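Peer 1: mmCIF, C-alpha atoms, saved as structure_10.cif, coming up:
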data_work
#
loop_
_atom_site.label_atom_id
_atom_site.label_comp_id
_atom_site.auth_asym_id
_atom_site.auth_seq_id
_atom_site.Cartn_x
_atom_site.Cartn_y
_atom_site.Cartn_z
CA MET S 1 -35.79 52.92 16.64
CA ILE S 2 -36.59 50.09 14.21
CA ASN S 3 -36.62 46.77 16.07
CA ARG S 4 -33.87 44.42 14.87
CA ASP S 5 -34.27 40.65 14.66
CA ALA S 6 -30.68 40.09 15.84
CA LYS S 7 -31.39 41.62 19.25
CA ALA S 8 -32.32 38.35 20.96
CA THR S 9 -29.28 36.41 19.74
CA ILE S 10 -26.91 39.23 20.74
CA LEU S 11 -28.40 39.42 24.24
CA GLU S 12 -28.12 35.65 24.56
CA SER S 13 -24.41 35.80 23.64
CA ALA S 14 -23.81 38.51 26.24
CA LYS S 15 -24.81 36.03 28.96
CA TYR S 16 -21.92 33.72 28.13
CA PHE S 17 -19.14 35.71 26.48
CA PRO S 18 -17.19 38.67 27.94
CA VAL S 19 -16.90 40.28 24.49
CA VAL S 20 -19.68 40.69 21.92
CA ALA S 21 -18.65 41.94 18.47
CA ILE S 22 -21.24 43.33 16.04
CA LEU S 23 -19.82 43.52 12.53
CA GLY S 24 -21.45 44.82 9.38
CA PRO S 25 -21.43 47.52 6.72
CA ARG S 26 -21.44 51.21 7.47
CA GLN S 27 -24.83 52.67 8.36
CA SER S 28 -26.44 49.27 8.98
CA GLY S 29 -27.46 50.26 12.52
CA LYS S 30 -24.71 48.61 14.60
CA SER S 31 -24.11 51.56 16.95
CA THR S 32 -27.82 52.26 17.39
CA LEU S 33 -28.55 48.63 18.19
CA ALA S 34 -25.62 48.27 20.59
CA GLN S 35 -26.65 51.36 22.58
CA ALA S 36 -30.29 50.25 22.65
CA ILE S 37 -29.47 46.73 23.85
CA PHE S 38 -26.86 47.86 26.40
CA PRO S 39 -28.17 51.22 27.70
CA ASN S 40 -25.99 51.13 30.83
CA HIS S 41 -22.74 50.67 28.93
CA ALA S 42 -20.49 53.69 28.33
CA TYR S 43 -20.14 54.53 24.63
CA PHE S 44 -16.89 55.46 22.87
CA SER S 45 -16.55 56.00 19.13
CA LEU S 46 -13.10 55.65 17.61
CA GLU S 47 -14.24 57.79 14.68
CA ASP S 48 -13.88 60.69 17.11
CA PHE S 49 -10.32 61.94 16.71
CA ASP S 50 -9.64 62.56 20.42
CA THR S 51 -11.05 59.17 21.43
CA ARG S 52 -9.10 57.40 18.71
CA THR S 53 -5.89 59.17 19.79
CA LEU S 54 -6.46 58.06 23.38
CA ALA S 55 -7.13 54.48 22.24
CA LEU S 56 -3.92 54.42 20.24
CA ASN S 57 -1.65 56.17 22.76
CA ASP S 58 -3.10 55.28 26.17
CA PRO S 59 -5.53 52.36 25.81
CA ARG S 60 -5.56 51.51 29.53
CA THR S 61 -6.93 54.96 30.37
CA LEU S 62 -9.71 54.59 27.81
CA LEU S 63 -10.71 51.15 29.08
CA LYS S 64 -10.77 52.40 32.70
CA ALA S 65 -12.46 55.72 31.90
CA ARG S 66 -15.94 54.72 33.12
CA PRO S 67 -15.71 52.43 36.17
CA ASP S 68 -19.32 53.36 37.04
CA ALA S 69 -20.69 51.83 33.81
CA GLN S 70 -21.87 48.23 33.44
CA GLY S 71 -19.61 47.86 30.43
CA LEU S 72 -18.09 49.57 27.40
CA ILE S 73 -19.29 49.94 23.83
CA ILE S 74 -16.36 50.67 21.52
CA ASP S 75 -17.61 51.75 18.12
CA GLU S 76 -15.55 51.29 14.90
CA PHE S 77 -12.78 49.62 16.86
CA GLN S 78 -10.92 48.66 13.67
CA TYR S 79 -9.22 52.05 13.93
CA ALA S 80 -7.26 50.80 16.97
CA PRO S 81 -6.90 47.02 16.56
CA ASP S 82 -4.10 46.87 19.18
CA LEU S 83 -6.80 47.71 21.74
CA LEU S 84 -7.84 44.07 21.60
CA SER S 85 -4.71 42.92 23.45
CA TYR S 86 -5.57 45.21 26.37
CA ILE S 87 -9.20 44.06 26.30
CA LYS S 88 -8.00 40.45 26.49
CA THR S 89 -5.98 41.25 29.63
CA MET S 90 -9.02 42.83 31.31
CA VAL S 91 -11.31 39.99 30.22
CA ASP S 92 -9.01 37.33 31.65
CA ALA S 93 -8.59 39.24 34.91
CA GLU S 94 -12.22 40.20 35.55
CA GLN S 95 -14.36 37.56 33.73
CA ARG S 96 -17.46 39.75 33.33
CA SER S 97 -19.94 38.49 30.74
CA GLY S 98 -21.10 41.01 28.15
CA TYR S 99 -18.81 43.75 29.47
CA PHE S 100 -17.24 44.71 26.14
CA VAL S 101 -19.36 45.39 23.06
CA LEU S 102 -17.34 46.06 19.91
CA THR S 103 -18.76 47.29 16.63
CA GLY S 104 -16.98 47.72 13.33
CA SER S 105 -17.41 47.88 9.58
CA GLN S 106 -14.11 46.42 8.40
CA ASN S 107 -14.22 42.66 8.64
CA PHE S 108 -10.82 41.99 7.01
CA LEU S 109 -8.90 43.70 9.82
CA MET S 110 -11.08 42.66 12.69
CA ASN S 111 -11.47 38.95 12.14
CA GLN S 112 -7.70 38.55 11.98
CA ALA S 113 -7.25 40.64 15.12
CA ILE S 114 -10.05 38.85 16.97
CA THR S 115 -8.69 35.43 16.04
CA GLN S 116 -5.30 36.34 17.43
CA SER S 117 -6.41 38.18 20.56
CA LEU S 118 -9.88 37.10 21.68
CA ALA S 119 -10.33 33.52 20.51
CA GLY S 120 -12.82 31.77 22.77
CA ARG S 121 -13.74 35.03 24.49
CA VAL S 122 -15.84 36.74 21.83
CA ALA S 123 -19.22 36.12 20.21
CA LEU S 124 -19.32 37.38 16.62
CA HIS S 125 -22.52 38.75 15.09
CA THR S 126 -23.12 40.24 11.66
CA LEU S 127 -25.72 42.99 11.26
CA LEU S 128 -26.73 43.75 7.68
CA PRO S 129 -29.19 46.41 6.48
CA LEU S 130 -32.88 45.97 7.28
CA SER S 131 -34.57 42.72 6.32
CA VAL S 132 -38.07 42.39 4.91
CA SER S 133 -39.15 40.97 8.27
CA GLU S 134 -37.84 44.01 10.16
CA LEU S 135 -39.42 46.47 7.73
CA LYS S 136 -42.73 44.62 7.92
CA GLN S 137 -42.75 44.56 11.74
CA SER S 138 -42.21 48.33 11.75
CA SER S 139 -44.91 48.93 9.08
CA LEU S 140 -42.23 50.36 6.77
CA LEU S 141 -42.19 47.70 4.04
CA PRO S 142 -42.90 49.25 0.62
CA VAL S 143 -45.88 47.84 -1.26
CA GLN S 144 -44.06 47.52 -4.59
CA ILE S 145 -40.93 45.39 -4.97
CA GLU S 146 -39.50 48.01 -7.35
CA THR S 147 -39.55 50.53 -4.48
CA ILE S 148 -37.45 48.46 -2.11
CA LEU S 149 -35.07 47.41 -4.90
CA TYR S 150 -34.50 51.09 -5.70
CA GLN S 151 -34.40 52.41 -2.12
CA GLY S 152 -32.39 49.56 -0.68
CA SER S 153 -32.56 48.60 2.98
CA TYR S 154 -30.35 50.98 4.95
CA PRO S 155 -32.12 52.17 8.12
CA ALA S 156 -31.60 55.92 7.54
CA ILE S 157 -33.76 55.78 4.40
CA TYR S 158 -36.71 54.57 6.48
CA SER S 159 -36.14 56.03 9.95
CA LYS S 160 -34.88 59.47 8.87
CA GLN S 161 -36.35 59.63 5.35
CA VAL S 162 -32.93 60.44 3.91
CA PRO S 163 -33.32 60.84 0.11
CA VAL S 164 -31.90 57.87 -1.79
CA GLU S 165 -29.49 59.92 -3.91
CA LYS S 166 -28.05 61.66 -0.84
CA MET S 167 -27.84 58.43 1.13
CA TYR S 168 -25.83 56.47 -1.42
CA GLY S 169 -23.79 59.41 -2.65
CA ASN S 170 -22.60 60.09 0.89
CA TYR S 171 -22.24 56.37 1.65
CA LEU S 172 -20.01 55.76 -1.34
CA GLN S 173 -17.90 58.84 -0.69
CA THR S 174 -17.47 57.93 2.98
CA TYR S 175 -16.60 54.34 2.15
CA VAL S 176 -14.06 55.19 -0.55
CA GLU S 177 -12.59 58.34 0.97
CA ARG S 178 -12.37 57.16 4.56
CA ASP S 179 -12.35 53.37 4.83
CA VAL S 180 -10.53 52.45 1.64
CA ARG S 181 -7.98 55.25 1.92
CA GLN S 182 -7.23 54.71 5.62
CA LEU S 183 -7.44 50.96 5.96
CA THR S 184 -6.21 49.51 2.65
CA GLN S 185 -3.39 49.95 0.19
CA VAL S 186 -5.57 51.13 -2.71
CA GLY S 187 -3.67 53.84 -4.56
CA ASP S 188 -6.09 55.07 -7.23
CA LEU S 189 -9.40 55.74 -5.48
CA ALA S 190 -11.15 56.91 -8.66
CA LEU S 191 -10.21 53.67 -10.41
CA PHE S 192 -11.40 51.70 -7.39
CA GLN S 193 -14.79 53.42 -7.61
CA THR S 194 -14.94 52.49 -11.31
CA PHE S 195 -14.21 48.91 -10.24
CA ILE S 196 -17.19 48.95 -7.84
CA THR S 197 -19.45 50.14 -10.68
CA LEU S 198 -18.19 47.38 -12.97
CA CYS S 199 -18.98 44.86 -10.23
CA ALA S 200 -22.50 46.31 -9.95
CA ALA S 201 -22.99 45.77 -13.68
CA ARG S 202 -22.19 42.07 -13.09
CA VAL S 203 -24.55 41.50 -10.16
CA GLY S 204 -26.05 38.02 -10.23
CA GLN S 205 -23.45 36.73 -12.70
CA ILE S 206 -20.56 34.27 -12.46
CA LEU S 207 -17.46 36.16 -11.33
CA ASN S 208 -14.91 36.37 -14.16
CA LEU S 209 -11.86 38.09 -12.69
CA THR S 210 -9.98 38.33 -15.98
CA SER S 211 -12.88 40.03 -17.76
CA LEU S 212 -13.40 42.38 -14.81
CA ALA S 213 -9.70 43.26 -14.65
CA ASN S 214 -9.51 43.90 -18.41
CA ASP S 215 -12.55 46.18 -18.37
CA CYS S 216 -11.07 48.17 -15.47
CA GLY S 217 -7.52 48.24 -16.85
CA ILE S 218 -5.93 46.50 -13.88
CA SER S 219 -4.15 43.19 -13.32
CA ASP S 220 -5.94 40.00 -12.28
CA GLN S 221 -4.06 40.13 -8.98
CA THR S 222 -5.29 43.66 -8.26
CA ALA S 223 -8.84 42.67 -9.20
CA ARG S 224 -8.69 39.78 -6.75
CA ARG S 225 -7.39 42.04 -3.99
CA TRP S 226 -10.11 44.62 -4.64
CA ILE S 227 -12.79 41.92 -4.67
CA ASP S 228 -11.50 40.80 -1.27
CA ILE S 229 -11.77 44.39 0.02
CA LEU S 230 -15.35 44.76 -1.23
CA GLN S 231 -16.28 41.42 0.25
CA ALA S 232 -14.65 42.10 3.62
CA SER S 233 -16.28 45.52 3.94
CA TYR S 234 -19.76 44.11 3.28
CA ILE S 235 -20.32 45.68 -0.13
CA ILE S 236 -20.49 42.43 -2.12
CA TYR S 237 -21.23 38.80 -1.33
CA LEU S 238 -19.73 35.92 -3.29
CA LEU S 239 -22.20 33.05 -3.48
CA GLN S 240 -20.22 29.85 -3.75
CA PRO S 241 -21.23 26.92 -5.99
CA TYR S 242 -22.38 23.69 -4.39
CA TYR S 243 -20.74 20.67 -5.91
CA GLN S 244 -20.54 18.02 -3.20
CA ASN S 245 -22.17 14.75 -4.31
CA PHE S 246 -23.09 16.21 -7.69
CA GLY S 247 -20.07 14.85 -9.58
CA LYS S 248 -17.06 16.70 -10.91
CA ARG S 249 -18.32 18.35 -14.10
CA LEU S 250 -19.62 21.42 -12.30
CA ILE S 251 -18.71 25.10 -12.31
CA LYS S 252 -16.34 26.18 -9.53
CA SER S 253 -16.54 30.01 -9.77
CA PRO S 254 -18.78 32.03 -7.40
CA LYS S 255 -21.57 34.44 -8.35
CA ILE S 256 -21.33 38.08 -7.33
CA TYR S 257 -24.11 39.76 -5.37
CA PHE S 258 -24.43 43.09 -3.55
CA TYR S 259 -25.66 43.25 0.02
CA ASP S 260 -27.87 46.20 -0.93
CA SER S 261 -29.84 46.64 -4.16
CA GLY S 262 -30.16 50.40 -3.64
CA LEU S 263 -26.40 50.81 -3.94
CA VAL S 264 -26.46 48.88 -7.23
CA CYS S 265 -29.20 51.15 -8.59
CA TYR S 266 -27.20 54.20 -7.54
CA LEU S 267 -23.99 52.94 -9.13
CA LEU S 268 -25.73 52.03 -12.39
CA LYS S 269 -27.90 55.18 -12.37
CA ILE S 270 -31.12 53.15 -12.48
CA LYS S 271 -34.28 55.13 -11.68
CA GLN S 272 -37.22 53.57 -9.86
CA ASP S 273 -39.60 53.93 -12.82
CA GLU S 274 -37.07 52.14 -15.04
CA LEU S 275 -36.93 49.00 -12.92
CA ILE S 276 -39.97 47.28 -14.43
CA THR S 277 -38.32 46.99 -17.85
CA HIS S 278 -34.64 47.38 -16.98
CA PRO S 279 -32.33 44.57 -18.21
CA GLN S 280 -30.87 44.23 -14.68
CA ARG S 281 -34.27 43.75 -13.02
CA GLY S 282 -33.97 39.96 -12.75
CA HIS S 283 -30.41 40.04 -11.43
CA LEU S 284 -31.27 42.79 -8.93
CA PHE S 285 -34.23 40.82 -7.61
CA GLU S 286 -32.12 37.67 -7.38
CA SER S 287 -29.46 39.57 -5.42
CA PHE S 288 -32.19 40.93 -3.14
CA VAL S 289 -33.57 37.45 -2.40
CA ILE S 290 -30.15 35.88 -1.78
CA THR S 291 -29.28 38.71 0.60
CA GLU S 292 -32.56 38.23 2.47
CA LEU S 293 -31.66 34.60 3.09
CA ILE S 294 -28.23 35.66 4.36
CA LYS S 295 -29.78 38.31 6.63
CA ASN S 296 -32.20 35.80 8.12
CA SER S 297 -29.34 33.41 8.90
CA TYR S 298 -27.20 36.06 10.57
CA ASN S 299 -30.14 37.49 12.53
CA ALA S 300 -30.82 34.03 13.94
CA GLY S 301 -27.16 33.67 14.93
CA HIS S 302 -26.24 31.18 12.19
CA VAL S 303 -23.55 31.21 9.53
CA PRO S 304 -25.37 31.16 6.14
CA SER S 305 -25.31 27.82 4.30
CA VAL S 306 -26.47 29.22 0.97
CA TYR S 307 -25.11 28.13 -2.42
CA PHE S 308 -26.04 27.91 -6.09
CA TRP S 309 -25.73 24.94 -8.43
CA ARG S 310 -24.79 24.94 -12.10
CA ASP S 311 -23.39 22.26 -14.39
CA ASN S 312 -21.32 22.63 -17.56
CA ALA S 313 -24.41 22.19 -19.74
CA GLY S 314 -25.92 25.37 -18.30
CA HIS S 315 -28.52 23.82 -16.00
CA GLU S 316 -28.74 26.02 -12.93
CA VAL S 317 -30.57 26.31 -9.64
CA ASP S 318 -30.39 29.86 -8.25
CA CYS S 319 -30.13 28.90 -4.62
CA LEU S 320 -29.54 25.82 -2.47
CA ILE S 321 -29.90 26.01 1.31
CA ASP S 322 -27.94 23.26 3.03
CA HIS S 323 -29.74 21.99 6.14
CA GLY S 324 -27.26 19.17 6.72
CA LEU S 325 -29.26 16.08 5.87
CA GLN S 326 -31.46 17.79 3.32
CA MET S 327 -31.37 20.65 0.82
CA THR S 328 -33.90 23.31 -0.12
CA ALA S 329 -33.77 24.35 -3.78
CA ILE S 330 -35.02 27.82 -4.75
CA GLU S 331 -35.59 29.34 -8.17
CA VAL S 332 -35.78 33.13 -8.16
CA LYS S 333 -37.96 34.94 -10.71
CA ALA S 334 -38.88 38.64 -10.74
CA SER S 335 -42.04 38.03 -12.79
CA ARG S 336 -45.44 38.59 -11.19
CA THR S 337 -46.90 35.93 -13.49
CA VAL S 338 -46.11 32.27 -12.79
CA ASN S 339 -44.98 30.26 -15.79
CA LEU S 340 -44.42 26.49 -15.85
CA ARG S 341 -41.02 26.91 -17.49
CA PHE S 342 -39.80 28.59 -14.30
CA PHE S 343 -39.75 25.12 -12.70
CA GLU S 344 -37.74 23.33 -15.40
CA ASN S 345 -34.36 23.52 -13.63
CA LEU S 346 -35.89 22.59 -10.28
CA ASP S 347 -37.43 19.49 -11.90
#
Could you express the structure from this file as C-alpha cells?

Peer 2:
Amino acid sequence: MINRDAKATILESAKYFPVVAILGPRQSGKSTLAQAIFPNHAYFSLEDFDTRTLALNDPRTLLKARPDAQGLIIDEFQYAPDLLSYIKTMVDAEQRSGYFVLTGSQNFLMNQAITQSLAGRVALHTLLPLSVSELKQSSLLPVQIETILYQGSYPAIYSKQVPVEKMYGNYLQTYVERDVRQLTQVGDLALFQTFITLCAARVGQILNLTSLANDCGISDQTARRWIDILQASYIIYLLQPYYQNFGKRLIKSPKIYFYDSGLVCYLLKIKQDELITHPQRGHLFESFVITELIKNSYNAGHVPSVYFWRDNAGHEVDCLIDHGLQMTAIEVKASRTVNLRFFENLD
C-alpha cells in the first residue's frame, strides 16, 4: 500500500470524535486507507447490493452485525444516507471514539446529511488522489512532469500499473453511469459527458457559464447545476478570486480546475508525447500545481485557503495562499527556462 499523508490527521481525529468521515473522488484510496488505519474494524460496502439492501431496510441489524469488532467501516455510505440517523442514536448512547468510519465519493449528499444528523460528532477529512509528496516517499514519482500530467495521480495507475486509457475510460463510465444516474437528476447522460469535456477544454480559465451553456446547448441554469455536481463529486475545483482589501474593481468569477490532470488529458485526447508543445500545457500544469496545494492542505487537516487575484486591467497572480496575517503569492509557469518577465505580475 502507498503511504498516505492524511493518515496521521485521521488517526488523531479518531481519538476525539465517534465518527470519522473520509470523503473524496472515486478510486482515490479511501477504502484502502480506512481499512489500513483501522484493521480491527468490520468493513461493509454499500456498493454491494445485499449490504445496501440491508442498510436501507434494516439498518439496526447492519450496525449491530459485528459486536466483536472494534468499530465499523461503512464504505460509500451515500447510498443509504438515512443510516446516519441510526448512527447518531448509537453514538449518543455509547460514546465510543473512532467507532464509525464512513467513506464516500458524493459530497453533495453527504455534507447535507452529516450537517443534519452528526453535527459535532463527526470529523470530516478529504482524500484526493496521490500527491507529489506521497509519490516521492514511495519512489513512484515520475522523472518528467509530462509523465505525471498525462498519467494523473490515481493510486491504481501506480500501485497496480493499470493502463491510463483503461483507468480513465472505466472511471468516467463508472462515474457517469453509476453516480450521476443514481444520485442526481441528470436526464441526458451523453450530453452530460459532453459537458465534462467542454469543462476540460476550459481548465485554468475564468468560468463563463453562459459560454459553456451555449457550447453545450443547455440553459445557464442547467450549466450551473451540472457544475455543482462536478464540483461536489470531486471532478472539478473552482478557485475563487481574492478581492478583500484590493478595492472593488476586481473580477468576481472563479477559475475552473480539475482535481486530476490525467482525466483532462483523457477527455481532450492528449497524448503524452504531445504535452511538450500542446496549447493546454500551461493550463494543465497550473491546474496540477493548484491541486497539489489543495491536497497538501487537506492532508494536513486544514481547509484550503487558496485563491487567485486578477484586476479589470488583466493583471493576474495565479495563486494566493492566505495565512491570516500574511499572503503568499505564487506565479505558475510550465517552462523549464526562467525568464524575468515571469515575475512581472508578482512585482

Peer 1: Hey, what comes out of the PyMOL selection byres ((chain S and resi 46) around 12) on this file? Could you write it as a ChimeraX atom specification?

Peer 2: /S:31,43-45,47-56,59,62,73-81,83,102-105

Peer 1: Mind dumping the selected residues with C-alpha atoms as an mmCIF file, in the coordinates of the input?

Peer 2:
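Generated output (out_7.cif):
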data_model
loop_
_atom_site.group_PDB
_atom_site.id
_atom_site.type_symbol
_atom_site.label_atom_id
_atom_site.label_comp_id
_atom_site.auth_asym_id
_atom_site.auth_seq_id
_atom_site.Cartn_x
_atom_site.Cartn_y
_atom_site.Cartn_z
ATOM 1 C CA SER S 31 -24.110 51.560 16.950
ATOM 2 C CA TYR S 43 -20.140 54.530 24.630
ATOM 3 C CA PHE S 44 -16.890 55.460 22.870
ATOM 4 C CA SER S 45 -16.550 56.000 19.130
ATOM 5 C CA GLU S 47 -14.240 57.790 14.680
ATOM 6 C CA ASP S 48 -13.880 60.690 17.110
ATOM 7 C CA PHE S 49 -10.320 61.940 16.710
ATOM 8 C CA ASP S 50 -9.640 62.560 20.420
ATOM 9 C CA THR S 51 -11.050 59.170 21.430
ATOM 10 C CA ARG S 52 -9.100 57.400 18.710
ATOM 11 C CA THR S 53 -5.890 59.170 19.790
ATOM 12 C CA LEU S 54 -6.460 58.060 23.380
ATOM 13 C CA ALA S 55 -7.130 54.480 22.240
ATOM 14 C CA LEU S 56 -3.920 54.420 20.240
ATOM 15 C CA PRO S 59 -5.530 52.360 25.810
ATOM 16 C CA LEU S 62 -9.710 54.590 27.810
ATOM 17 C CA ILE S 73 -19.290 49.940 23.830
ATOM 18 C CA ILE S 74 -16.360 50.670 21.520
ATOM 19 C CA ASP S 75 -17.610 51.750 18.120
ATOM 20 C CA GLU S 76 -15.550 51.290 14.900
ATOM 21 C CA PHE S 77 -12.780 49.620 16.860
ATOM 22 C CA GLN S 78 -10.920 48.660 13.670
ATOM 23 C CA TYR S 79 -9.220 52.050 13.930
ATOM 24 C CA ALA S 80 -7.260 50.800 16.970
ATOM 25 C CA PRO S 81 -6.900 47.020 16.560
ATOM 26 C CA LEU S 83 -6.800 47.710 21.740
ATOM 27 C CA LEU S 102 -17.340 46.060 19.910
ATOM 28 C CA THR S 103 -18.760 47.290 16.630
ATOM 29 C CA GLY S 104 -16.980 47.720 13.330
ATOM 30 C CA SER S 105 -17.410 47.880 9.580
#

Peer 1: Could you check how far atom CA of Gly301 of chain S sits from atom CA of Leu11 of chain S, in Å to one decimal?

Peer 2: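 Between atom CA of Gly301 of chain S and atom CA of Leu11 of chain S the gap works out to 11.0 Å.
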
Peer 1: For the file shown, report as a list of chain:residue names the outcome of the PyMOL selection byres ((chain S and resi 240) around 6) at residue level.

Peer 2: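 Written out, the selection comes to S:Leu239, S:Pro241, S:Pro254, S:Tyr307.
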
Peer 1: Just the residues within 12 Å of Arg60 of chain S, please, counting only C-alpha atoms, with nothing from its chain fewer than 4 positions along; format it as a CSV table (one decimal) with C-alpha atoms, in the coordinates of the input.

Peer 2:
chain,number,residue,atom,x,y,z
S,54,LEU,CA,-6.5,58.1,23.4
S,55,ALA,CA,-7.1,54.5,22.2
S,56,LEU,CA,-3.9,54.4,20.2
S,64,LYS,CA,-10.8,52.4,32.7
S,65,ALA,CA,-12.5,55.7,31.9
S,66,ARG,CA,-15.9,54.7,33.1
S,82,ASP,CA,-4.1,46.9,19.2
S,83,LEU,CA,-6.8,47.7,21.7
S,84,LEU,CA,-7.8,44.1,21.6
S,85,SER,CA,-4.7,42.9,23.4
S,86,TYR,CA,-5.6,45.2,26.4
S,87,ILE,CA,-9.2,44.1,26.3
S,88,LYS,CA,-8.0,40.4,26.5
S,89,THR,CA,-6.0,41.2,29.6
S,90,MET,CA,-9.0,42.8,31.3

Peer 1: Would you list the residues near (-19.7, 41.8, 31.5), meaning any protein, DNA or RNA residue with an atom at most 10 Å from that point in file coordinates, counting all atoms listed in the file, as a list in words?

Peer 2: Ala14, Lys15, Tyr16, Phe17, Pro18, Val19, Val20, His41, Gln70, Gly71, Leu72, Val91, Glu94, Gln95, Arg96, Ser97, Gly98, Tyr99, Phe100 and Val101 of chain S

Peer 1: Rank nothing, just name the residue among S:Gln151, S:Thr222, S:Asn3, S:Thr194 nearest to Glu134 of chain S, using only C-alpha atoms.

Peer 2: S:Asn3

Peer 1: Let me make sure I understand: among S:Arg178, S:Lys271, S:Arg121, S:His323, which one has the smallest atom-to-atom distance to Thr147 of chain S if we use only C-alpha atoms?

Peer 2: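 Of all the options, S:Lys271 lies closest to Thr147 of chain S.
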
Peer 1: Since I can't run it myself right now, could you work out what the PyMOL selection byres ((chain S and resi 23-29) around 7) selects here and report it as a tab-separated table (two decimals) with C-alpha atoms, keeping the file's coordinate frame?

Peer 2:
chain	number	residue	atom	x	y	z
S	21	ALA	CA	-18.65	41.94	18.47
S	22	ILE	CA	-21.24	43.33	16.04
S	30	LYS	CA	-24.71	48.61	14.60
S	31	SER	CA	-24.11	51.56	16.95
S	32	THR	CA	-27.82	52.26	17.39
S	33	LEU	CA	-28.55	48.63	18.19
S	103	THR	CA	-18.76	47.29	16.63
S	104	GLY	CA	-16.98	47.72	13.33
S	105	SER	CA	-17.41	47.88	9.58
S	107	ASN	CA	-14.22	42.66	8.64
S	125	HIS	CA	-22.52	38.75	15.09
S	126	THR	CA	-23.12	40.24	11.66
S	127	LEU	CA	-25.72	42.99	11.26
S	128	LEU	CA	-26.73	43.75	7.68
S	129	PRO	CA	-29.19	46.41	6.48
S	154	TYR	CA	-30.35	50.98	4.95
S	155	PRO	CA	-32.12	52.17	8.12
S	233	SER	CA	-16.28	45.52	3.94
S	234	TYR	CA	-19.76	44.11	3.28

Peer 1: Given the choices S:Ile330, S:Ile37, S:Ala200, S:Ala93, which gets closest to Ala8 of chain S if the distance is worked out from only C-alpha atoms?

Peer 2: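 Using only C-alpha atoms, Ala8 of chain S sits closest to S:Ile37.
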
Peer 1: Return the single residue from S:Ala300, S:Ser138, S:Val143, S:Ser131 that is closest to Tyr259 of chain S, with distances computed using only C-alpha atoms.

Peer 2: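 Result for the nearest residue to Tyr259 of chain S: S:Ser131.
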
Peer 1: Restricting the calculation to all atoms listed in the file, which member of S:Ser305, S:Thr197, S:Asn296, S:Ser133 is positioned closest to Cys265 of chain S?

Peer 2: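 Selected residue with least distance to Cys265 of chain S: S:Thr197.
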
Peer 1: Which residue gives the smallest distance to Pro279 of chain S among S:Ala201, S:Leu207, S:Ile235, S:Leu293, with all atoms listed in the file counted?

Peer 2: S:Ala201

Peer 1: Report, in Å with one decimal, the straight-line distance from atom CA of Arg225 of chain S to atom CA of Leu212 of chain S.

Peer 2: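 Computing the Euclidean distance for atom CA of Arg225 of chain S and atom CA of Leu212 of chain S yields 12.4 Å.
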
Peer 1: Would you list the residues near (-37.4, 24.5, -3.6), meaning any protein, DNA or RNA residue with an atom at most 10 Å from that point in file coordinates, counting all atoms listed in the file, as a ChimeraX atom specification?

Peer 2: /S:317-321,327-332,343,346-347

Peer 1: Between atom CA of Asn214 of chain S and atom CA of Trp226 of chain S, what is the distance in Å, rounded to a tenth?

Peer 2: 13.8 Å

Peer 1: I'd like the contact shell of Asp179 of chain S - 10 Å cut-off, only C-alpha atoms, skipping same-chain residues fewer than 2 positions apart - returned as a PDB file with C-alpha atoms, in the frame of the given file.

Peer 2:
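Wrote it out as part-v4.pdb, contents follow:
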ATOM      1  CA  ARG S  26     -21.440  51.210   7.470  1.00  0.00           C
ATOM      2  CA  TYR S  79      -9.220  52.050  13.930  1.00  0.00           C
ATOM      3  CA  SER S 105     -17.410  47.880   9.580  1.00  0.00           C
ATOM      4  CA  GLN S 106     -14.110  46.420   8.400  1.00  0.00           C
ATOM      5  CA  GLN S 173     -17.900  58.840  -0.690  1.00  0.00           C
ATOM      6  CA  THR S 174     -17.470  57.930   2.980  1.00  0.00           C
ATOM      7  CA  TYR S 175     -16.600  54.340   2.150  1.00  0.00           C
ATOM      8  CA  VAL S 176     -14.060  55.190  -0.550  1.00  0.00           C
ATOM      9  CA  GLU S 177     -12.590  58.340   0.970  1.00  0.00           C
ATOM     10  CA  ARG S 181      -7.980  55.250   1.920  1.00  0.00           C
ATOM     11  CA  GLN S 182      -7.230  54.710   5.620  1.00  0.00           C
ATOM     12  CA  LEU S 183      -7.440  50.960   5.960  1.00  0.00           C
ATOM     13  CA  THR S 184      -6.210  49.510   2.650  1.00  0.00           C
ATOM     14  CA  SER S 233     -16.280  45.520   3.940  1.00  0.00           C
TER      15      SER S 233
END
